[in-house]
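To start, the structure itself, in structure tokens.
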Amino acid sequence: MLHSPNVTLDKYSVSLRTGFLPSVPPLQKLENAYYWPWEDIVWDLPSHIQCRTIRQAVEELPILSTSKLHEEPEWRRAYLLLAYLMHAYIWGGERPKDVLPPSISCPFLEVSNHLELPPCATYAALNLWNFAVSDHTADMTDPENLYVTASFTGTKDEEWFLMVSVAIEAKGAQLIPLMLEAFHAASVDDAQRVCDLLNQLNKGLQELRQLFERMYENCRPAVFFHQLRPILAGSKNMASAGLPNGVFYDEGHGKGKWHQYSGGSNAQSSLIQTFDIFLGVEHSATGEMKSNGATKPPAKTAFMLEMRNYMPGPHRRFLEMMSRASNIRAYAMSHKADSPVRDAYNAAVMSLGLFRDSHIKMVTRYIIMAAKMKPTNTMPSQVNLATSTTTRMEGLNEKVSGGLHGTGGTDLIPFLKKTRDTTKAAALYTD
């Protein structure tokens, strides 16, 4: 039952203590030496990328079997390693590679299938399964107590960028049972309890926004824009960055397929989408780019809904369960304007909208403004998401309103603004 989350959450791989993060910190290394060829390259990944030896190292890898992976933490670690190897291989040269060798394709397709995830660097690989804590008593809601187990750049900036999201996941875990309880309170028409829970959620969302804004402390825009962001890019809508057809997953023996996947995106966070579902916010933005003054035909699926395909299977099913149970917006609508329930609901909605305001401001600083900054490293010129963004910026006026792709492949600024506006529009100020 919804009001007994201890019974429900287990099958969705959701923890009352850690939310969508594993209840036990992820493996930092696969113990079986058979998989150490993957581990060894990832351990030295920043150097391989800097020295342009990553492609040779990957091409020399044997095709390893997945038969020696047994427990879920092992499958998750394998997924992380292969995701990092894949993106480093594709984006770690002067121009992107559009053919993924069998040494990555074959095991990655099998591991991804097991975990019900696409074979690319998702939020699960980059964040949920890529952290360690300073000690077992450390507060996981403080990013200073967290560190990555894999890195593309080896910088504190990358680590901080990823660990702020992990800290948000840990902090947000406290709000999951609260939302489940609110469903139950609404179903039995306990208006006072619904008010109390919505007010707690409002406070929690404000705290998450404050935590989110700690990003500025240790992540420099120039490092993020020039070194990290290009390598997080996917293979979808990346023609301007050098991947017009996506990536061919070569399985050897003449087998293989072309695929186009979004890159890592916070839209793949099940926690953020849980808030939307709970509050009854329905996003329709597809993130499609306009061209020649006309809008492309609407995509069949809204981007936020599509991003559920980039979440681990159990988490995706949790969101589906939440969607079926969602009753808070309807319950708020059944109360008059200016009623305590309406006020509490509207306050929570606006706090989620303000969180998205912070996201837009952050994108402006880390992408729009950073595009005008010189790279902090001395790597030779490349063709990637950073160079395509900078080139695009040169042809736009000072106030950028569109035309820049996010790592997920969306038309970045219009998508974020529409998502923010849709959130705030869910508030109920009149009958």
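Chain lettering (A, B, ...) mirrors the order of the structure tokens, residue numbering begins at 1 for each chain separately, and ligand numbering begins at 1 in order of display.
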
Would you mind listing what lies within 12 Å of Ala150 (chain A) as a short mmCIF file (atom, residue, chain, number, x, y, z; two decimals) with N, CA, C and O atoms, in the first residue's frame, with only C-alpha atoms counted and same-chain residues fewer than 5 positions away left out?
```cif
data_model
loop_
_atom_site.label_atom_id
_atom_site.label_comp_id
_atom_site.auth_asym_id
_atom_site.auth_seq_id
_atom_site.Cartn_x
_atom_site.Cartn_y
_atom_site.Cartn_z
N PRO A 26 28.18 2.39 -4.34
CA PRO A 26 28.53 1.54 -5.48
C PRO A 26 29.95 0.97 -5.36
O PRO A 26 30.78 1.50 -4.62
N LEU A 27 30.19 -0.09 -6.10
CA LEU A 27 31.54 -0.67 -6.17
C LEU A 27 32.51 0.37 -6.73
O LEU A 27 32.18 1.09 -7.67
N GLN A 28 33.70 0.41 -6.17
CA GLN A 28 34.72 1.31 -6.69
C GLN A 28 35.61 0.61 -7.71
O GLN A 28 36.34 1.25 -8.46
N LYS A 29 35.52 -0.73 -7.72
CA LYS A 29 36.30 -1.50 -8.67
C LYS A 29 35.73 -2.91 -8.75
O LYS A 29 35.29 -3.46 -7.74
N TRP A 38 39.33 -3.07 -18.45
CA TRP A 38 38.42 -1.91 -18.45
C TRP A 38 38.81 -0.94 -17.34
O TRP A 38 38.92 0.26 -17.56
N GLU A 39 39.00 -1.52 -16.14
CA GLU A 39 39.31 -0.70 -14.98
C GLU A 39 40.61 0.09 -15.19
O GLU A 39 40.69 1.27 -14.82
N ASP A 40 41.60 -0.55 -15.77
CA ASP A 40 42.91 0.09 -15.93
C ASP A 40 42.83 1.33 -16.83
O ASP A 40 43.45 2.36 -16.54
N ILE A 41 42.08 1.22 -17.93
CA ILE A 41 41.97 2.37 -18.83
C ILE A 41 41.18 3.49 -18.16
O ILE A 41 41.57 4.67 -18.23
N VAL A 42 40.07 3.14 -17.50
CA VAL A 42 39.25 4.16 -16.85
C VAL A 42 40.03 4.83 -15.72
O VAL A 42 39.90 6.04 -15.50
N TRP A 43 40.84 4.06 -15.02
CA TRP A 43 41.66 4.63 -13.95
C TRP A 43 42.55 5.74 -14.47
O TRP A 43 42.77 6.76 -13.81
N ASP A 44 43.05 5.58 -15.70
CA ASP A 44 43.97 6.55 -16.29
C ASP A 44 43.31 7.34 -17.42
O ASP A 44 43.98 7.86 -18.30
N LEU A 45 41.99 7.44 -17.38
CA LEU A 45 41.25 8.03 -18.49
C LEU A 45 41.63 9.49 -18.78
O LEU A 45 41.82 9.85 -19.94
N PRO A 46 41.77 10.35 -17.76
CA PRO A 46 42.14 11.74 -18.07
C PRO A 46 43.44 11.84 -18.86
O PRO A 46 43.55 12.64 -19.79
N ARG A 77 28.67 -1.42 -12.10
CA ARG A 77 30.05 -0.96 -12.29
C ARG A 77 30.49 -1.19 -13.73
O ARG A 77 31.14 -0.33 -14.33
N ALA A 78 30.13 -2.33 -14.29
CA ALA A 78 30.49 -2.61 -15.68
C ALA A 78 29.85 -1.59 -16.61
O ALA A 78 30.47 -1.11 -17.57
N TYR A 79 28.61 -1.24 -16.32
CA TYR A 79 27.89 -0.26 -17.13
C TYR A 79 28.61 1.10 -17.08
O TYR A 79 28.82 1.75 -18.11
N LEU A 80 29.00 1.51 -15.89
CA LEU A 80 29.74 2.76 -15.71
C LEU A 80 31.04 2.75 -16.52
O LEU A 80 31.34 3.69 -17.26
N LEU A 81 31.81 1.69 -16.38
CA LEU A 81 33.11 1.60 -17.06
C LEU A 81 32.94 1.69 -18.57
O LEU A 81 33.67 2.43 -19.25
N LEU A 82 31.98 0.93 -19.11
CA LEU A 82 31.78 0.91 -20.55
C LEU A 82 31.24 2.25 -21.06
O LEU A 82 31.59 2.69 -22.16
N ALA A 83 30.42 2.90 -20.25
CA ALA A 83 29.91 4.23 -20.63
C ALA A 83 31.06 5.23 -20.72
O ALA A 83 31.13 6.03 -21.68
N TYR A 84 31.95 5.20 -19.74
CA TYR A 84 33.08 6.13 -19.75
C TYR A 84 34.03 5.81 -20.91
O TYR A 84 34.53 6.72 -21.58
N LEU A 85 34.27 4.54 -21.15
CA LEU A 85 35.14 4.16 -22.27
C LEU A 85 34.53 4.58 -23.60
O LEU A 85 35.23 5.08 -24.48
N ALA A 88 34.62 8.51 -23.99
CA ALA A 88 36.01 8.94 -24.17
C ALA A 88 36.50 8.57 -25.57
O ALA A 88 37.20 9.35 -26.22
N ALA A 125 24.91 6.15 -14.86
CA ALA A 125 26.35 5.88 -14.91
C ALA A 125 27.16 7.02 -14.34
O ALA A 125 28.12 6.80 -13.58
N LEU A 126 26.80 8.24 -14.70
CA LEU A 126 27.60 9.41 -14.32
C LEU A 126 27.43 9.81 -12.86
O LEU A 126 28.37 10.31 -12.24
N ASN A 127 26.23 9.59 -12.32
CA ASN A 127 25.93 10.09 -10.98
C ASN A 127 25.53 8.99 -10.00
O ASN A 127 26.23 8.79 -8.99
N TRP A 129 25.65 5.79 -9.84
CA TRP A 129 26.55 4.66 -9.57
C TRP A 129 28.02 5.05 -9.62
O TRP A 129 28.90 4.20 -9.69
N ASN A 130 28.29 6.34 -9.52
CA ASN A 130 29.66 6.83 -9.67
C ASN A 130 30.07 7.71 -8.49
O ASN A 130 30.56 8.81 -8.66
N PHE A 131 29.84 7.22 -7.28
CA PHE A 131 30.24 8.02 -6.12
C PHE A 131 30.76 7.12 -5.01
O PHE A 131 30.48 5.92 -4.96
N ALA A 132 31.54 7.72 -4.15
CA ALA A 132 32.01 7.07 -2.93
C ALA A 132 31.94 8.11 -1.83
O ALA A 132 31.94 9.32 -2.09
N THR A 155 39.51 16.48 -12.92
CA THR A 155 39.46 17.78 -12.26
C THR A 155 38.49 17.77 -11.09
O THR A 155 37.53 17.00 -11.06
N GLU A 158 34.89 18.66 -12.42
CA GLU A 158 34.02 17.56 -12.86
C GLU A 158 33.43 16.82 -11.66
O GLU A 158 32.24 16.51 -11.63
N GLU A 159 34.30 16.53 -10.68
CA GLU A 159 33.84 15.81 -9.50
C GLU A 159 32.73 16.59 -8.80
O GLU A 159 31.69 16.03 -8.42
N LEU A 162 29.33 16.57 -10.69
CA LEU A 162 28.59 15.31 -10.56
C LEU A 162 28.11 15.08 -9.13
O LEU A 162 26.99 14.60 -8.90
N MET A 163 28.94 15.42 -8.15
CA MET A 163 28.60 15.11 -6.76
C MET A 163 27.55 16.04 -6.18
O MET A 163 26.85 15.66 -5.24
#
```

All helix (DSSP H, G or I) residues (DSSP, backbone) inside region 167-268 of chain A, as a PyMOL selection string: chain A and resi 167-187+191-212+215-218+221-232+239-241+266-268

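Restricting the calculation to only C-alpha atoms, the smallest distance between Ala191 (chain A) and any of A:Tyr331, A:Tyr366, A:Trp160, A:Trp36 is found for A:Tyr331.
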
Between CA of Ser240 (chain A) and CA of Ala370 (chain A) - distance in Å to one decimal: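 Distance between the two atoms: 18.6 Å.
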
For region 260-264 of chain A: contacts at 10 Å, only C-alpha atoms, fewer than 4 positions along chain excluded, given as an NGL selection string: :A and (87 or 118-127 or 229-238 or 243-248 or 268-269 or 306-307 or 310 or 406-410)

Nearest to Ala344 (chain A), chosen from A:Leu198, A:Leu9, A:Met86, A:Leu128, with only C-alpha atoms counted in the distances: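 Residue with the minimum atom-to-atom distance to Ala344 (chain A): A:Leu198.
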
Minimum-distance residue to Gln210 (chain A), chosen among A:Lys424, A:Arg55, A:Lys171, A:His70 (using only C-alpha atoms):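 Distance minimum relative to Gln210 (chain A) lands on A:Lys171.
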
Identify, on the basis of only C-alpha atoms, every residue whose closest approach to Thr18 (chain A) does not exceed 12 Å; exclude the query and any residue fewer than 6 positions from it along the same chain; express the result as a short mmCIF file (atom, residue, chain, number, x, y, z; two decimals) with C-alpha atoms, in the first residue's frame.
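File written: selection_13.cif
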```
data_model
loop_
_atom_site.label_atom_id
_atom_site.label_comp_id
_atom_site.auth_asym_id
_atom_site.auth_seq_id
_atom_site.Cartn_x
_atom_site.Cartn_y
_atom_site.Cartn_z
CA LEU A 9 9.86 0.72 -2.43
CA VAL A 24 25.06 0.76 -0.19
CA PRO A 25 27.69 2.89 -1.99
CA LEU A 128 23.87 7.36 -9.30
CA ASP A 139 26.65 13.11 5.46
CA MET A 140 25.81 12.25 1.85
CA THR A 141 23.82 15.46 1.45
CA VAL A 166 24.40 13.01 -5.94
CA ALA A 167 24.00 15.16 -2.82
CA ILE A 168 20.67 16.41 -4.18
CA GLU A 169 19.56 12.81 -4.70
CA ALA A 170 20.52 11.97 -1.11
CA LYS A 171 18.76 15.06 0.25
CA GLY A 172 15.69 14.48 -1.88
CA ALA A 173 15.36 10.92 -0.61
CA GLN A 174 13.81 12.36 2.55
CA LEU A 175 10.91 13.73 0.48
CA ILE A 176 9.90 10.45 -1.20
CA PRO A 177 8.03 8.84 1.74
CA LEU A 271 13.88 12.32 -8.31
#
```

Counting only C-alpha atoms, the residue of A:Ser187, A:Ser105, A:Cys51, A:Leu30 that sits nearest Thr149 (chain A): A:Leu30

Selection: 8 Å around Ala182 (chain A), only C-alpha atoms, excl. self and same-chain fewer than 5 positions, as a VMD selection string: chain A and resid 193 to 194 197 to 198 328

Given only C-alpha atoms as the counted atoms, nearest of A:Arg342, A:Gln273, A:Gly19, A:Pro312 to Glu72 (chain A): A:Pro312

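Distances from A:Phe278, A:Phe161, A:Tyr249, A:Phe355 to Phe183 (chain A) were compared using only C-alpha atoms, and the smallest one belongs to A:Phe278.
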
Strand (DSSP E) positions in region 68-274 of chain A, given as a list in words: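 Answer for region 68-274 of chain A, restricted to strand (DSSP E): Val99, Leu100, Ala132, Val133, Leu146, Tyr147, Val247, Phe248, Tyr249, Asp250, Glu251, Gly252, Lys255, Gly256, Lys257, Trp258 and His259 of chain A.
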
Atom-to-atom span, CA of Gly313 (chain A) and CA of Phe20 (chain A), Å: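 According to the coordinates, CA of Gly313 (chain A) and CA of Phe20 (chain A) are separated by 11.8 Å.
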